[in-house]
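See structure below.
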Amino acid sequence: MYNSSKNVINRSNSRSVMINTDTLARPLLSNRCSYCIDNVFPTPTIDSDHTVGVDMIAIEIPLIPSKSDPKLLLSSIKNTMLGRWGTKATTVHEGSGTKIHFSYSKQRSSITMEFNPSRFMDPDGTALVPVEAVARVCELLVEEYFADGEALPAFAVTAEGDESLEYWEEDWRSQIRIVRLDTARDFVITDPRFSIGLFKETQARYAKGVSIIYKNGVAETWDSPNSKKSGHVKFYDKFRQAVKKHIQQPPAEGTFRFEYLLRKKHLQRAHIHTLDDLTPAKFENALRIGWKIAGLGELVAHPHGWINQVNDSLLSVEEKAMVIGFLQAQETGFDLGLRKHQINGIRAKARSIGLSFRRPLSKQGNLYMQLDLDAGECLVHQSLGVSTDKDLEG
C-alpha cells in the first residue's frame with residue numbers, strides 16, 4: 001500500500017529536553033525508565049498471528065515549533081479551516097477507509113494520531129495486526145500526513161541539522177510517545193454449552209460492577225467498567241458484532257475477543273512508553289496484566305453442570321430422567337403432584353450422586369469451563385469433585 005524512500009541517521013546520543021541543531025530547537029521525549037533498562041521481559045509464548053495484536057493506538061508526535069503550523073496541517077486534513085480555538089480533526093484514510101483522529105497540544109508542541117492499525121492490514125475484516133507491524137504502520141502514516149511540510153516532526157532532520165522528511169533519526173521510535181494502546185486477543189469457541197453469561201459474577205479488579213449485555217436472549221458482551229477509561233477490560237462476541245456492523249469479511253462464528261485498554265498508569269505499569277517499547281515481549285506482558293485484572297481465566301461452573309453430573313452417574317436411565325425432571329420442576333416452581341414418599345425417594349437419589357439441596361443447582365455439578373489466554377480457546381473440565389449434604393454437615 002505504501003513505499004518509503006526515507007533514510008535513517010544515527011543521533012542516539014541526543015537526550016536533552018530541548019536540542020539545538022543550528023537554528024532548530026527540537027523537543028525530545030524521554031522513554032527511558034530504570035526498570036526497562038535493568039530488566040528483561042519474559043519471552044512471549046503466545047503465537048503471533050492475526051488473533052492477537054493491537055486494536056487501537058494513539059501516538060504523540062513531537063514537533064519542531066519554529067518549523068510547524070499545526071493548525072494549517074489539521075485544516076488540510078479536515079479540508080476546511082479550523083476555528084480560532086480548533087485543535088482537532090478527523091479524516092477517513094483513503095486506502096483503508098479507517099478513521100484517524102488528530103489533536104494538537106500547544107503546551108507539548110505535539111500532534112496526537114489515534115487509529116486502528118489493524119484495519120490497514122485487513123480493511124474489510126476483523127483480523128488483528130501483530131505488534132511487530134504496528135511501528136511500520138505508524139511510520140507510513142506520519143510520512144503520508146506530514147508530507148506537505150505544514151508541521152515538521154522533531155526527528156525529521158539530517159545529520160547537518162536540516163529538516164527533511166526523507167531523513168529520520170535512528171531513534172525516531174523512542175521519540176513517538178504512546179498515549180493509548182488497546183491490546184486484544186481472539187478466542188475461537190465452538191462448544192454450544194459456552195456462553196458469556198457464565199461470567200455474570202466475574203468482576204474485574206478496580207471495577208464498579210459487572211454488566212452482561214444481551215441481544216435476542218444471547219449474551220454478547222461481558223463488561224466490568226471502572227471509574228476511569230484506562231484499564232478498561234471487555235470480552236465480547238466478535239462474530240455477532242461484525243455481522244451487526246456489516247463487516248464484509250466477518251470472523252468465523254464462535255469468535256470472541258478480549259480487549260484491554262491502556263492509558264497513563266496502565267501504560268506505565270506495562271512499561272510501554274513509546275513505539276520503541278512495542279515489542280512482542282512487552283506487548284504480551286501487558287496483555288497478561290489485563291487478563292489478570294479481568295479475572296476471566298478462572299474456572300466457572302456451568303449452570304447445567306448438575307445435569308451433566310446426573311447423566312454421568314450410575315443411576316438407571318429411568319432414575320436419571322426422574323431426578324432431572326424433578327429438579328427442573330423445582331427450579332421453575334412447577335408442582336408435579338408427587339406424594340411425600342416419592343419426593344423423598346427422588347431427593348435421596350439426587351444426594352447419592354453428590355447433589356446438595358443446600359446450595360443452588362447452578363453452583364453444582366461436574367462441568368466447569370475456563371478461558372485459556374495462551375490457546376485462545378475455552379477448556380472444559382469435568383469430574384473435578386462434587387460435594388454432598390454430608391460434606392456440608394461435616
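By order in the C-alpha cells, chains are A, B, ...; within a chain, residues start at 1; ligands start at 1, following the order shown.
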Using only C-alpha atoms, what does the table of region 120-140 of chain A residues within 6 Å of region 50-62 of chain A look like, with each row giving the shortest atom pair and its distance in Å to one decimal, sorted by chain and ascending number, as a Markdown table?
```
| residue | atom | partner | partner_atom | distance |
| --- | --- | --- | --- | --- |
| A:Ala127 | CA | A:His50 | CA | 5.1 |
| A:Leu128 | CA | A:His50 | CA | 4.8 |
| A:Val129 | CA | A:Gly53 | CA | 5.2 |
| A:Pro130 | CA | A:Gly53 | CA | 4.6 |
| A:Val131 | CA | A:Gly53 | CA | 5.5 |
```
> Suppose you want the space between CA of Gly297 (chain A) and CA of Leu371 (chain A); what is it in Å?
Replying inline: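 We find that CA of Gly297 (chain A) and CA of Leu371 (chain A) lie 5.1 Å from each other.
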Using only C-alpha atoms, tabulate the residues of region 43-139 of chain A lying at most 12 Å from any atom of region 239-247 of chain A, each with its closest atom pair and that distance in Å to one decimal, by chain and increasing residue number, as JSON lines.
```
{"residue": "A:Arg119", "atom": "CA", "partner": "A:Ile247", "partner_atom": "CA", "distance": 11.6}
{"residue": "A:Asp122", "atom": "CA", "partner": "A:Ile247", "partner_atom": "CA", "distance": 11.2}
{"residue": "A:Pro123", "atom": "CA", "partner": "A:Ile247", "partner_atom": "CA", "distance": 9.5}
{"residue": "A:Asp124", "atom": "CA", "partner": "A:Ile247", "partner_atom": "CA", "distance": 6.5}
{"residue": "A:Gly125", "atom": "CA", "partner": "A:Ile247", "partner_atom": "CA", "distance": 6.3}
{"residue": "A:Thr126", "atom": "CA", "partner": "A:Ala242", "partner_atom": "CA", "distance": 7.7}
{"residue": "A:Ala127", "atom": "CA", "partner": "A:Ala242", "partner_atom": "CA", "distance": 11.3}
```
> Quick one: residues within 6 Å of Leu262 (chain A), only C-alpha atoms counted, chain neighbours fewer than 2 positions away excluded, as a VMD selection string?
Replying inline: chain A and resid 180 to 181 230 to 231 266 to 267
>> Using only C-alpha atoms, can you tell me which of A:Leu373, A:Val218, A:Val380, A:Leu278 comes closest to Ile46 (chain A)?
In response: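 Going through A:Leu373, A:Val218, A:Val380, A:Leu278 one by one, the smallest distance to Ile46 (chain A) is for A:Leu373.
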>> I need the residues in region 46-252 of chain A that are strand (DSSP E) according to DSSP; give them as a count of residues only.
In response: 60
>> If we count only C-alpha atoms and set the cut-off at 10 Å, which residues sit around region 109-115 of chain A, ignoring sequence neighbours fewer than 5 positions away in its own chain? Please answer as a count of residues only.
In response: 43
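If you measure from each of A:Phe199, A:Asn311, A:Gln382, A:Gln342 to Phe326 (chain A) using only C-alpha atoms, the closest one turns out to be A:Gln342.
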>> Which of region 326-386 of chain A end up as helix (DSSP H, G or I) when DSSP is run on this backbone - answer as number ranges by chain?
In response: A: 326-332, 340-352, 361-363
Residue subset to file, keeping C-alpha atoms, as a PDB file, in the first residue's frame:
```pdb
ATOM      1  CA  PHE A 326     -37.994 -33.342  39.473  1.00  0.00           C
ATOM      2  CA  LEU A 327     -35.148 -30.837  39.962  1.00  0.00           C
ATOM      3  CA  GLN A 328     -36.106 -28.830  36.886  1.00  0.00           C
ATOM      4  CA  ALA A 329     -39.691 -28.663  38.130  1.00  0.00           C
ATOM      5  CA  GLN A 330     -38.418 -27.419  41.491  1.00  0.00           C
ATOM      6  CA  GLU A 331     -36.328 -24.748  39.784  1.00  0.00           C
ATOM      7  CA  THR A 332     -39.329 -23.410  37.861  1.00  0.00           C
ATOM      8  CA  LYS A 340     -44.142 -37.131  50.056  1.00  0.00           C
ATOM      9  CA  HIS A 341     -42.527 -40.585  49.939  1.00  0.00           C
ATOM     10  CA  GLN A 342     -41.956 -40.157  46.194  1.00  0.00           C
ATOM     11  CA  ILE A 343     -40.304 -36.790  46.734  1.00  0.00           C
ATOM     12  CA  ASN A 344     -38.109 -38.176  49.496  1.00  0.00           C
ATOM     13  CA  GLY A 345     -37.067 -41.079  47.254  1.00  0.00           C
ATOM     14  CA  ILE A 346     -36.015 -38.789  44.394  1.00  0.00           C
ATOM     15  CA  ARG A 347     -34.159 -36.473  46.750  1.00  0.00           C
ATOM     16  CA  ALA A 348     -32.292 -39.443  48.182  1.00  0.00           C
ATOM     17  CA  LYS A 349     -31.185 -40.495  44.711  1.00  0.00           C
ATOM     18  CA  ALA A 350     -30.005 -36.939  43.990  1.00  0.00           C
ATOM     19  CA  ARG A 351     -27.976 -36.902  47.204  1.00  0.00           C
ATOM     20  CA  SER A 352     -26.494 -40.301  46.410  1.00  0.00           C
ATOM     21  CA  LEU A 361     -28.194 -26.160  41.467  1.00  0.00           C
ATOM     22  CA  SER A 362     -26.449 -23.675  39.172  1.00  0.00           C
ATOM     23  CA  LYS A 363     -23.438 -23.790  41.521  1.00  0.00           C
TER      24      LYS A 363
END
```
> For the atom pair CA of Tyr236 (chain A) and CA of Ile196 (chain A), what is the interatomic distance in Å to one decimal place?
Replying inline: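 Computed distance, CA of Tyr236 (chain A) to CA of Ile196 (chain A), equals 7.6 Å.
Using only C-alpha atoms, the shortest contact distance between Leu379 (chain A) and any of A:Ser66, A:Ser76, A:Thr190, A:Gln175 is found at A:Thr190.
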> Hey, what's within 7 Å of Lys234 (chain A) if we count only C-alpha atoms and toss same-chain stuff fewer than 3 positions away? As a list in words, please?
Replying inline: Trp222, Asp223, Ser224, Phe258, Glu259 and Tyr260 of chain A
> What's the 9 Å shell around Glu284 (chain A), counting only C-alpha atoms, without same-chain residues fewer than 6 positions away, as a VMD selection string?
Replying inline: chain A and resid 42 to 46 183
Next, write the just-selected residues to a file, as a CSV table (one decimal), in the first residue's frame, keeping C-alpha atoms as the atom set.
```
chain,number,residue,atom,x,y,z
A,42,PRO,CA,9.8,-12.8,29.7
A,43,THR,CA,9.9,-14.4,26.2
A,44,PRO,CA,6.5,-14.4,24.7
A,45,THR,CA,4.7,-17.7,24.4
A,46,ILE,CA,1.5,-16.8,22.6
A,183,THR,CA,-4.4,-5.0,23.3
```
